[in-house]
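These notes concern the structure reproduced below.
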Amino acid sequence: MRDRVNDFAFKIATVNGTGSASANDLIRKGIFRMGIPVSGKNLFPSNIQGLPTWYEIRVNRDGHTARTPDFDVVVAMNPATYARDVAEVRRGGWLVHDSTWPLARELARDDVTFLGVPLARMCGEHFAGSRERILLKNIAYAGVLSALFDMELPVLDALLEETYGRKKGLLDSNRQALRLGRDYAQQNFDCPLPVRMERMDATADHILIDGNTAAALGCVYAGATVAAWYPITPSTSLVDAFTKFTKKMRKDPETGLGRVAVVQAEDELAAVGMVIGASWVGARAFTATAGPGISLMSEFIGLGYYAEIPAVIFDVQRTGPSTGMPTRTQQGDLLMCAYASHGDTKHILLIPGDPAECFEFAVAAFDLAERFQTPVFVLSDLDIGMNDWMIPRLRWDDSYRPDRGKVLTAEQLEGMAKFSRYTDADGDGIAARTVPGVHPKGAFFTRGSGHNKNGAYTEDAAEYAEVMVRLARKIDSAAAHVPAPEVRMIPGASVGIVSVGGCHRAVLEAVERLAARGVAADYLRVRGFPFAPAVAEFLAAHDRVFVVEQNRDGQLGHLISLETGVPRRALEPIGTFGGMPLSARDVVDQVLAALGIAAETETVIDQPEMVPA
Amino acid sequence: MRDRVNDFAFKIATVNGTGSASANDLIRKGIFRMGIPVSGKNLFPSNIQGLPTWYEIRVNRDGHTARTPDFDVVVAMNPATYARDVAEVRRGGWLVHDSTWPLARELARDDVTFLGVPLARMCGEHFAGSRERILLKNIAYAGVLSALFDMELPVLDALLEETYGRKKGLLDSNRQALRLGRDYAQQNFDCPLPVRMERMDATADHILIDGNTAAALGCVYAGATVAAWYPITPSTSLVDAFTKFTKKMRKDPETGLGRVAVVQAEDELAAVGMVIGASWVGARAFTATAGPGISLMSEFIGLGYYAEIPAVIFDVQRTGPSTGMPTRTQQGDLLMCAYASHGDTKHILLIPGDPAECFEFAVAAFDLAERFQTPVFVLSDLDIGMNDWMIPRLRWDDSYRPDRGKVLTAEQLEGMAKFSRYTDADGDGIAARTVPGVHPKGAFFTRGSGHNKNGAYTEDAAEYAEVMVRLARKIDSAAAHVPAPEVRMIPGASVGIVSVGGCHRAVLEAVERLAARGVAADYLRVRGFPFAPAVAEFLAAHDRVFVVEQNRDGQLGHLISLETGVPRRALEPIGTFGGMPLSARDVVDQVLAALGIAAETETVIDQPEMVPA
Amino acid sequence: MTYIAKPKVRHPKLPVNILGLTARDYEGAMSTLCAGCGHDSVTAAIVQAVFELGIEPHRIAKLSGIGCSSKTPAYFVQQAHGFNSVHGRMPAIATGASAANRDLVYLGVSGDGDSLSIGLGQLCHAIRRNVNMLYLIENNGVYGLTKGQFSASADVGSKAKRGEENVQPPIDPVLLALTLGATFVARGFSGDKAQLVPILKAGMQHRGLALVDIISPCVTFNDHEGSTKSYLHTREHAQPVVIADFVPHAREITAEYAPGSVRAVTLHDGSVVNFRKVAEDYDPTDRDGAHAYLMERQRAGEVATGLLYIDPAAADMNATLGSVHRPLVDLSFTDLCPGDAALQALQDTYR
Amino acid sequence: MTYIAKPKVRHPKLPVNILGLTARDYEGAMSTLCAGCGHDSVTAAIVQAVFELGIEPHRIAKLSGIGCSSKTPAYFVQQAHGFNSVHGRMPAIATGASAANRDLVYLGVSGDGDSLSIGLGQLCHAIRRNVNMLYLIENNGVYGLTKGQFSASADVGSKAKRGEENVQPPIDPVLLALTLGATFVARGFSGDKAQLVPILKAGMQHRGLALVDIISPCVTFNDHEGSTKSYLHTREHAQPVVIADFVPHAREITAEYAPGSVRAVTLHDGSVVNFRKVAEDYDPTDRDGAHAYLMERQRAGEVATGLLYIDPAAADMNATLGSVHRPLVDLSFTDLCPGDAALQALQDTYR
Ligand SMILES: Cc1ncc(C[n+]2csc(CCOP(=O)(O)OP(=O)(O)O)c2C)c(N)n1
Ligand SMILES: Cc1ncc(C[n+]2csc(CCOP(=O)(O)OP(=O)(O)O)c2C)c(N)n1
Ligand code: SF4
Ligand code: SF4
Ligand SMILES: [Mg+2]
Ligand SMILES: [Mg+2]
């Protein structure tokens with residue numbers, strides 16, 4: 001097999017709660033520090049300890065960091081999943097396993113090289129304490145991989161130094177465990193493998209960060225002061241990060257008190273209610289949740305829409321419906337969020353494609369929520385939110401000032417004859433609002449019941465409808481203000497691909513691969529809803545359009561069809577919805593199949609295709 | 001003005017809490033008993049006492065009972081709304097008012113005949129007690145109308161007899177009040193007016209009933225044993241009726257106990273949870289609510305869909321969003337109910353067009369919920385649910401037996417090797433279920449978290465997707481079992497009209513009137529979702545299709561476009577959403593306008609048109 | 001119709017408060033409730049309390065859920081911002097608002113259905129957080145706005161208008177609040193304004209959640225014979241336990257009581273509540289004692305009223321959240337945004 | 001993975017119950033909880049209790065919400081129907097199920113997050129309705145499944161793993177239940193199976209809602225020094241107040257107590273609970289007394305355990321609903337459908 005330098009993938013199978021995370025981080029960060037583009041996908045179970053968990057790492061010199069289902073090397077540390085893990089090694093690949101105990105014969109595969117390392121035995125001999133042995137066994141396999149892939153030891157040592165610097169004892173045992181694995185591999189296998197690494201300079205000015213952390217930073221920088229939430233995977237780490245950041249960055253120098261309020265609510269109904277209450281008095285407030293939380297928030301979302309109160313809601317999507325698979329990803333809440341709550345409603349959605357956009361769109365969400373005086377959703381997903389992605393360093397424009405929209409000051413109110421809350425004075429569908437406590441003239445009665453343009457209670461059809469018609473205009477006008485779609489045209493393209501959110505990197509790679517197969521595809525990535533005109537234009541410009549998304553029913557296709565008028569069937573569904581991050585191969589194979597061209601490889605069994613709408 | 005016998009409309013303006021309901025019922029029932037088709041629309045405020053309320057009565061020999069906005073006679077009993085009420089009299093019409101006090105000069109209209117009756121003075125002279133005087137003033141105006149319209153006194157006397165039979169004193173005072181008004185009118189005006197009544201025989205074998213009462217009857221007849229609810233207008237009277245009926249019809253002869261359980265829950269989340277719990281153990285259970293309740297039920301609805309548990313949910317729609325106008329009608333929950341809850345879901349909807357179908361569909365809802373093991377919505381609305389409609393007598397087929405769907409008996413389970421809850425044994429997408437307590441072999445773990453076809457917990461993409469794909473198939477297969485659309489073709493029709501629910505009678509009338517204007521229109525009324533193939537066929541057969549519905553955004557149009565593939569813009573929105581029941585004129589005028597033909601009359605001011613999608 | 005404001009003719013002889021405003025200036029829109037509804041009397045008591053306290057109208061935030069009771073914020077202090085939110089969720093709105101702007105006076109009005117059925121969870125957690133607000137439950141034992149169903153506060157044996165008896169034990173917001181650690185618990189009666197006004201004033205000055213359960217009869221659906229929430233029944237069974245006189249911090253405490261007969265409790269802002277005992281050795285600062293006493297009174301069929309428990313020292317939510325003393329809404333953006341330099345420094349740790 | 005059932009090798013020497021089943025027959029799938037989790041001990045106690053009571057496995061309905069604790073129904077009585085519903089809403093499911101089929105044995109397992117935060121309202125109302133079920137709260141002071149946030153039962157001053165202290169007063173389900181009129185209230189400790197088993201048995205035989213708050217430490221997130229819900233802290237502060245011995249109606253009551261030392265309470269089905277007092281003159285049938293005593297113990301930092309209160313006579317939900325004695329699910333359609341004749345007669349009144 002010819003060398004494949006800086007272009008391969010491997011997978012580590014362990015048991016959760018055994019501390020493999022630190023070993024996997026060590027490897028991933030080591031690769032990143034060697035200047036090589038890298039990505040990691042953590043496939044963990046919805047429990048705390050003792051169940052199978054996998055960590056997938058992809059190394060790609062061209063910067064393709066989407067998930068790939070083709071594993072050159074698998075490290076099988078969990079006997080419970082041996083069979084499955086062995087089966088996942090690609091033909092001609094390698095399986096690393098703990099040879100302390102013999103491997104069951106039925107697992108043998110003659111198209112795979114088995115690399116046995118007596119990890120348990122070695123750690124047993126060199127370390128005391130069962131817990132320590134278990135933990136260090138992970139560092140030991142990291143050492144094995146470092147040898148197999150020819151990783152730079154100093155880089156790994158430096159990382160251990162940074163992690164355990166102060167804790168001398170831990171540092172030593174980790175360095176030793178790393179060397180145990182590394183030395184054993186170098187002595188017993190001919191290292192490096194054909195799949196190996198060579199230093200590059202492709203990660204300078206980049207960082208490795210997950211979307212929830214980036215979104216939390218965005219909230220800090222946007223000036224959010226109130227966060228109300230209820231824990232739920234995969235959104236919990238967003239508020240955790242916000243709390244951590246504000247403890248440092250929002251501490252009042254004199255008193256040591258916080259310029260922030262993080263309220264752990266009793267449930268999601270209360271959480272979003274608190275956000276609406278805080279926004280009502282003029283704060284920038286947000287909540288973060290997942291699908292089940294949005295369902296519970298539905299009534300309040302309708303209140304926010306109709307009473308025109310800003311609110312920022314992060315929905316870090318997980319696999320639904322119901323409790324579903326809390327630790328698997330999906331894009332299954334698009335349709336619900338777009339029209340959440342009873343009656344006629346429509347909501348602004350921002351859909352980031354990576355952690356960089358989680359940061360950027362978090363800031364945009366507060367601006368849009370205040371400008372349009374309405375709840376705004378940031379629709380992230382578990383893959384973006386909880387996995388570390390490689391992105392260019394985040395920049396902040398210090399001249400940025402919040403767009404508070406039309407909020408009347410005491411001075412403005414003082415000068416007014418009479419304040420009318422819901423009158424469209426400027427003809428842009430947006431009426432000026434007031435904040436409680438600012439000025440007596442600004443007082444009015446906020447209500448979710450029928451009201452006329454003065455905010456007065458009404459049961460009159462015409463008065464009610466006048467407000468509702470303006471609301472429709474207001475939300476539609478947001479199309480020009482949500483993040484514009486990202487469009488990539490290829491000269492002479494024959495088909496168009498539309499996608500969204502976390503599918504982005506897989507689609508980018510797929511477009512390249514399709515071109516290699518003679519299929520030139522233009523690409524548009526939706527980033528906001530209501531859709532900018534560019535979306536309809538893109539559709540009009542292509543007679544075949546594939547819509548790539550990760551849900552069963554093609555919810556993005558639904559929204560596009562409804563809002564642009566393009567027939568639903570003209571939008572051909574592509575994607576998977578089984579909970580795994582999308583891979584380029586999923587896209588390529590399904591597009592080729594649709595075009596009647598032979599697939600480039602067999603499709604992976606675990607990624608079922610979508611049900612055509 | 002030429003006589004208009006049995007073809008006119010009048011409106012009575014009063015204050016709620018003053019007991020005008022009994023007078024209005026007397027009139028309406030009187031007309032019905034004279035064999036003349038009649039309908040009444042009660043426009044009441046969302047409070048208990050002291051605000052304006054209107055009662056509209058339409059008399060129509062051709063059986064058109066939709067609301068009409070053209071009032072030949074208005075009875076203005078509420079000074080607070082005089083101006084508005086006077087303005088509502090159609091040119092050449094009559095205004096009846098209490099002449100005890102002089103009418104403000106500025107209210108005068110020379111194209112209207114003012115009929116002053118000293119109602120307060122007469123009642124003051126003849127009756128003691130302020131409360132009694134207020135109440136009887138209403139019966140007095142009923143008397144006035146009976147004279148103006150030439151109603152048969154014996155019929156009215158009989159009705160009073162039935163109501164107050166036992167209460168002699170009340171009966172006498174009511175009879176006297178009726179005559180006070182009637183005699184005054186006969187002595188002072190030339191009765192009858194050109195708009196008058198003549199006995200017919202068009203109401204035999206019909207009844208006057210509201211949809212909530214009919215739906216409650218349906219639940220009783222379908223064998224529902226558990227009702228869990230939380231009060232909310234306009235659905236409250238459905239459960240009230242169910243309670244009333246079961247007190248009589250479900251009383252155990254020996255013990256006097258009830259063969260039913262009606263649980264007033266603490267909120268809607270609990271209500272639907274109780275329904276799911278009761279259905280889980282094998283009962284036929286339902287809840288009734290309005291939009292805000294559905295929003296709150298969203299999470300549980302997703303559980304019912306994914307865990308495949310039957311549930312029947314009546315949504316008596318009112319004007320949204322949020323609290324909206326609780327005492328006004330709308331069809332604003334179609335979209336939400338069709339795809340309620342996060343993740344990929346789709347739900348069965350039954351949409352009755354009148355109280356008769358409320359009865360019929362209530363029964364069907366339980367059969368479908370059990371057959372397809374999923375939540376089923378009956379989408380009624382305030383107009384159907386709370387107003388008395390004239391419908392043919394309800395019939396019950398005593399040979400009916402509930403369709404319990406695939407529920408395994410103890411015997412069947414005994415004979416089984418192993419029960420697998422979610423395996424599609426029959427290939428129809430429906431897996432057999434078991435009921436707790438029946439047999440040990442039937443035991444399994446119901447869960448809203450990821451599960452495979454055996455009901456076992458899973459986080460495996462393929463296992464998860466297998467179940468989800470079957471669910472999609474299962475729900476789509478219901479299209480053949482929901483009530484088929486009602487289709488009325490006219491030879492040589494040029495356009496097609498699609499409508500739903502309470503719009504039905506207005507559209508029927510509109511189709512006639514359009515024909516008179518030279519516009520032949522075919523008509524299809526959707527009665528269930530997912531849509532039967534007939535819907536797509538109808539659309540395909542017409543190059544212009546108008547969709548008549550009562551919401552702002554054209555939600556039915558949205559659903560049809562998504563599910564049939566017809567471009568959204570090909571479905572031209574027609575209708576109103578201000579909370580008033582639809583009138584034929586709304587439809588005729590908007591269709592004519594769309595066709596570029598002059599309207600037959602000016603459109604009513606208080607019925608704003610829909611925002612084109 | 002709430003937008004018909006009453007004519008505000010200034011009567012020269014009307015008394016004015018420290019702000020120079022008259023009671024009229026604290027009135028609201030015309031009530032749309034039934035004539036005689038207890039809620040309207042509570043509204044009147046609120047108007048008097050805020051007038052006497054001399055609070056700037058626009059510094060008051062009026063909050064409610066849904067119900068007849070929840071409509072009442074429209075009927076007082078026209079110049080205060082109001083929020084008629086959704087059913088049972090007012091506590092969450094108040095919690096978020098208070099977290100964002102701790103300087104407004106939060107006045108929440110709810111009903112027994114709004115707070116003890118759909119909103120029970122939120123009420124309990126607002127009490128637990130000790131959100132700084134006055135929380136009124138206008139308690140009539142029924143759902144008025146939906147035409148008279150029993151609420152969770154209906155007493156066992158109480159009869160509905162149509163005759164059926166309530167069979168489920170009632171939830172007593174006072175006992176519940178004491179058990180949950182509430183820091184200010186009172187019960188009043190809409191028919192006893194003299195007792196109610198000082199309680200409302202003390203409640204508004206109390207730092208923390210002041211829960212006042214007010215028996216407020218529904219004349220239309222629950223004021224008949226056999227109802228235990230009727231005017232008659234309440235008049236006959238209401239028993240003041242303590243009499244609380246409120247002395248604003250402004251005024252000097254005048255020794256108008258016989259020594260020993262009074263227990264003075266000082267609130268955060270320096271105002272004082274003087275408790276005159278009615279029941280023997282009832283101590284409004286002893287939570288356990290109060291709870292035991294009230295349980296016993298309840299069993300005896302009595303409705304104990306008064307400012308029943310107070311703990312002026314407890315930390316309110318703003319304190320436990322550790323937020324700065326300045327309202328968060330008043331912080332400038334520069335106080336909130338760390339800037340690019342900090343962002344770059346932070347990101348060095350993400351490599 | 002819950003679907004890996006353990007091998008059920010029949011050991012000839014294993015004791016059998018009245019149904020001839022062994023304890024093994026009441027076990028469930030393999031637990032996926034952390035090694036040492038208190039919840040697994042509660043599971044073991046449940047297995048022993050139902051085994052000893054000799055309940056037919058398939059007549060048990062196991063219900064839960066969401067959480068580590070809510071996962072446990074998968075780990076006992078494999079042959080019982082289970083329902084792992086949604087977070088905090090198990091009470092509603094149980095209420096509806098019980099209304100429809102009153103003859104099943106309802107066993108609900110919840111957590112402190114599931115029942116005291118998101119589910120608090122439903123818990124309170126299930127208690128109020130006295131739904132006939134055993135309701136267990138596996139109380140560890142944290143949200144285990146979401147990695148250790150404080151729950152509403154966390155004590156003031158209790159330290160989180162990362163060190164920060166909880167500042168909000170805890171909601172004590174035992175005091176709450178007593179205040180709400182619960183008819184069976186107990187507190188146990190996952191580490192004391194001997195005390196727990198008879199309580200569970202009595203709870204299952206009790207007609208009405210039997211609430212058992214079980215301190216069940218979370219070894220992963222709340223078993224450290226400074227936590228008041230750790231094994232160590234609970235062992236040191238748990239104080240049995242009464243010792244309850246359960247005597248099934250089947251068995252003769254053997255006079256194994258010194259006269260006067262015991263108070264016997266008979267349940268609906270004839271089984272008896274013998275209370276042996278530990279605390280002087282503690283009366284488990286005196287609600288007010290129990291509440292006062294427990295509040296005082298709590299203030300003293302003690303965790304009072306035992307079957308703390310029982311009222312075997314109160315009507316359960318099925319009784320208050322006035323439903324027939326036969327389970328509604330067992331009624332034949334002809335018992336439910338009035339038929340066309342009745343429909344026609346009725347409609348004569350709609351003309
Ligand atoms: C989500 C929701 N459910 C139900 C209703 C209907 N509803 C309006 S008010 C009310 C109860 C009000 O009772 P209470 O809080 O005691 O107020 P009261 O009218 O008795 O003063 C209900 C159930 C609603 N508005 N929203
Ligand atoms: C609607 C909803 N919100 C949030 C969650 C996330 N969640 C799962 S378990 C849990 C808390 C569990 O705590 P507890 O009930 O105490 O159980 P424990 O794990 O501590 O045993 C939460 C918040 C969810 N599953 N559903
Ligand atoms: S119904 Fe009852 S609560 Fe509502 S306004 Fe009338 S009297 Fe008051
Ligand atoms: S996290 Fe805590 S509660 Fe959950 S299983 Fe582990 S020890 Fe038990
Ligand atoms: Mg009430
Ligand atoms: Mg817990």
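Residues are named by chain letter and number: chains run A, B, ... in the order of the structure tokens, numbers start at 1 in each chain, and ligands are numbered from 1 in the order shown.
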
(message) Counting only C-alpha atoms and all ligand atoms, what are the residues, protein, DNA or RNA alike, that approach ligand 6 to within 6 Å? I want them as number ranges by chain.
(response) D: 111-113, 139-144

Restricting it to C-alpha atoms, dump the selection as a PDB file, in the first residue's frame.
ATOM      1  CA  GLY D 111     -35.417  11.555  40.785  1.00  0.00           C
ATOM      2  CA  ASP D 112     -35.110  14.809  42.672  1.00  0.00           C
ATOM      3  CA  GLY D 113     -34.692  16.708  39.421  1.00  0.00           C
ATOM      4  CA  ASN D 139     -32.871  11.692  45.859  1.00  0.00           C
ATOM      5  CA  ASN D 140     -29.209  12.526  45.309  1.00  0.00           C
ATOM      6  CA  GLY D 141     -29.303  16.327  45.343  1.00  0.00           C
ATOM      7  CA  VAL D 142     -28.083  16.585  41.773  1.00  0.00           C
ATOM      8  CA  TYR D 143     -29.043  16.010  38.178  1.00  0.00           C
ATOM      9  CA  GLY D 144     -26.958  12.911  37.611  1.00  0.00           C
TER      10      GLY D 144
END

(request) For chain D, list the residues within 6 Å of chain B, counting only C-alpha atoms, and write the list as an MDAnalysis selection string. (result) chainID D and resid 3 58:59 79:85 92:93 95:97 100 322:324 329 336:337 339:340 350:351

For the residues selected in the previous step, produce a file with N, CA and C atoms as a PDB file, in the first residue's frame.
ATOM      1  N   TYR D   3     -31.024  -4.435  26.858  1.00  0.00           N
ATOM      2  CA  TYR D   3     -31.665  -5.638  26.315  1.00  0.00           C
ATOM      3  C   TYR D   3     -30.842  -6.902  26.553  1.00  0.00           C
ATOM      4  N   HIS D  58     -46.313  -9.456  35.804  1.00  0.00           N
ATOM      5  CA  HIS D  58     -46.953  -8.694  34.716  1.00  0.00           C
ATOM      6  C   HIS D  58     -48.119  -7.835  35.199  1.00  0.00           C
ATOM      7  N   ARG D  59     -48.442  -7.927  36.483  1.00  0.00           N
ATOM      8  CA  ARG D  59     -49.487  -7.047  37.014  1.00  0.00           C
ATOM      9  C   ARG D  59     -48.891  -5.753  37.569  1.00  0.00           C
ATOM     10  N   GLN D  79     -40.496  -8.857  33.612  1.00  0.00           N
ATOM     11  CA  GLN D  79     -41.796  -9.237  33.039  1.00  0.00           C
ATOM     12  C   GLN D  79     -42.905  -8.239  33.349  1.00  0.00           C
ATOM     13  N   ALA D  80     -42.532  -7.105  33.919  1.00  0.00           N
ATOM     14  CA  ALA D  80     -43.533  -6.059  34.159  1.00  0.00           C
ATOM     15  C   ALA D  80     -43.485  -5.063  33.003  1.00  0.00           C
ATOM     16  N   HIS D  81     -44.632  -4.500  32.659  1.00  0.00           N
ATOM     17  CA  HIS D  81     -44.654  -3.450  31.652  1.00  0.00           C
ATOM     18  C   HIS D  81     -43.983  -2.213  32.226  1.00  0.00           C
ATOM     19  N   GLY D  82     -43.167  -1.579  31.403  1.00  0.00           N
ATOM     20  CA  GLY D  82     -42.485  -0.383  31.873  1.00  0.00           C
ATOM     21  C   GLY D  82     -42.798   0.802  30.978  1.00  0.00           C
ATOM     22  N   PHE D  83     -42.709   1.990  31.536  1.00  0.00           N
ATOM     23  CA  PHE D  83     -42.930   3.197  30.746  1.00  0.00           C
ATOM     24  C   PHE D  83     -41.950   4.260  31.210  1.00  0.00           C
ATOM     25  N   ASN D  84     -40.928   4.426  30.396  1.00  0.00           N
ATOM     26  CA  ASN D  84     -39.932   5.462  30.651  1.00  0.00           C
ATOM     27  C   ASN D  84     -40.418   6.669  29.841  1.00  0.00           C
ATOM     28  N   SER D  85     -41.164   7.561  30.500  1.00  0.00           N
ATOM     29  CA  SER D  85     -41.885   8.596  29.744  1.00  0.00           C
ATOM     30  C   SER D  85     -41.023   9.811  29.464  1.00  0.00           C
ATOM     31  N   ALA D  92     -48.468  12.238  35.620  1.00  0.00           N
ATOM     32  CA  ALA D  92     -49.644  12.316  34.754  1.00  0.00           C
ATOM     33  C   ALA D  92     -49.907  10.960  34.100  1.00  0.00           C
ATOM     34  N   ILE D  93     -48.855  10.320  33.638  1.00  0.00           N
ATOM     35  CA  ILE D  93     -49.014   9.000  33.023  1.00  0.00           C
ATOM     36  C   ILE D  93     -49.641   8.035  34.032  1.00  0.00           C
ATOM     37  N   THR D  95     -51.385   8.734  36.658  1.00  0.00           N
ATOM     38  CA  THR D  95     -52.751   9.147  36.990  1.00  0.00           C
ATOM     39  C   THR D  95     -53.743   8.623  35.954  1.00  0.00           C
ATOM     40  N   GLY D  96     -53.406   8.819  34.678  1.00  0.00           N
ATOM     41  CA  GLY D  96     -54.296   8.345  33.620  1.00  0.00           C
ATOM     42  C   GLY D  96     -54.405   6.830  33.616  1.00  0.00           C
ATOM     43  N   ALA D  97     -53.269   6.173  33.814  1.00  0.00           N
ATOM     44  CA  ALA D  97     -53.271   4.711  33.808  1.00  0.00           C
ATOM     45  C   ALA D  97     -54.129   4.181  34.950  1.00  0.00           C
ATOM     46  N   ALA D 100     -57.768   4.427  34.386  1.00  0.00           N
ATOM     47  CA  ALA D 100     -58.286   3.476  33.394  1.00  0.00           C
ATOM     48  C   ALA D 100     -58.237   2.037  33.883  1.00  0.00           C
ATOM     49  N   GLY D 322     -65.338   8.526  41.597  1.00  0.00           N
ATOM     50  CA  GLY D 322     -66.637   7.863  41.544  1.00  0.00           C
ATOM     51  C   GLY D 322     -66.757   6.867  40.413  1.00  0.00           C
ATOM     52  N   SER D 323     -65.620   6.293  40.004  1.00  0.00           N
ATOM     53  CA  SER D 323     -65.673   5.289  38.939  1.00  0.00           C
ATOM     54  C   SER D 323     -66.102   3.941  39.513  1.00  0.00           C
ATOM     55  N   VAL D 324     -66.644   3.103  38.634  1.00  0.00           N
ATOM     56  CA  VAL D 324     -67.044   1.757  39.063  1.00  0.00           C
ATOM     57  C   VAL D 324     -65.819   1.012  39.588  1.00  0.00           C
ATOM     58  N   VAL D 329     -60.960  -0.500  31.798  1.00  0.00           N
ATOM     59  CA  VAL D 329     -60.498  -1.216  30.605  1.00  0.00           C
ATOM     60  C   VAL D 329     -61.158  -2.583  30.477  1.00  0.00           C
ATOM     61  N   LEU D 336     -70.752   0.361  27.574  1.00  0.00           N
ATOM     62  CA  LEU D 336     -70.322   1.746  27.413  1.00  0.00           C
ATOM     63  C   LEU D 336     -71.146   2.532  26.398  1.00  0.00           C
ATOM     64  N   CYS D 337     -71.680   1.816  25.384  1.00  0.00           N
ATOM     65  CA  CYS D 337     -72.384   2.516  24.307  1.00  0.00           C
ATOM     66  C   CYS D 337     -73.891   2.489  24.511  1.00  0.00           C
ATOM     67  N   GLY D 339     -76.348   3.197  22.596  1.00  0.00           N
ATOM     68  CA  GLY D 339     -77.170   2.702  21.492  1.00  0.00           C
ATOM     69  C   GLY D 339     -78.034   3.768  20.837  1.00  0.00           C
ATOM     70  N   ASP D 340     -78.588   3.414  19.665  1.00  0.00           N
ATOM     71  CA  ASP D 340     -79.302   4.393  18.837  1.00  0.00           C
ATOM     72  C   ASP D 340     -80.598   4.877  19.477  1.00  0.00           C
ATOM     73  N   TYR D 350     -83.236  18.420  21.328  1.00  0.00           N
ATOM     74  CA  TYR D 350     -82.421  19.374  20.554  1.00  0.00           C
ATOM     75  C   TYR D 350     -83.204  19.981  19.391  1.00  0.00           C
ATOM     76  N   ARG D 351     -84.527  20.084  19.576  1.00  0.00           N
ATOM     77  CA  ARG D 351     -85.346  20.677  18.527  1.00  0.00           C
ATOM     78  C   ARG D 351     -86.071  21.912  19.076  1.00  0.00           C
TER      79      ARG D 351
END

(request) Select, from D:Lys13, D:His224, D:Arg235, D:Arg102, the residue with the minimum atom-to-atom distance to ligand 4, counting only C-alpha atoms and all ligand atoms. (result)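 Of the candidates, the smallest distance to ligand 4 is held by D:His224.
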
(request) Could you tell me, as a PyMOL selection string, which residues of range 395-554 of chain B DSSP assigns to helix (DSSP H, G or I) when given the backbone? (result) chain B and resi 410-414+440-442+461-480+501-516+533-540

(request) All residues within 8 Å of ligand 4 are required, counting only C-alpha atoms and all ligand atoms; please report them as a list of chain:residue names. (result)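 With only C-alpha atoms and all ligand atoms and a cut-off of 8 Å, ligand 4 is contacted by A:Asn47, A:Ile48, A:Gln49, D:Thr32, D:Leu33, D:Cys34, D:Ala35, D:Gly36, D:Cys37, D:Gly38, D:His39, D:Asp40, D:Gly67, D:Cys68, D:Ser69, D:Asn140, D:Val142, D:Tyr143, D:Gly144, D:Leu145, D:Thr146, D:Lys147, D:Gly148, D:Pro217, D:Cys218, D:Val219, D:Thr220, D:Phe221, D:Asn222.
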
(request) Could you tell me which of D:Gly188, D:Pro248, D:Gly163, D:Gly121 comes closest to chain C if we count only C-alpha atoms? (result) D:Gly121

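Each of C:Tyr309, C:Tyr293, C:Tyr75, C:Tyr106 was checked against chain D using only C-alpha atoms; the smallest atom-to-atom distance is that of C:Tyr293.
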
(message) Restricting the calculation to only C-alpha atoms and all ligand atoms: of C:Leu21, C:Ile60, C:Ile137, C:Leu328, which residue gets closest to ligand 1?
(response) C:Ile137
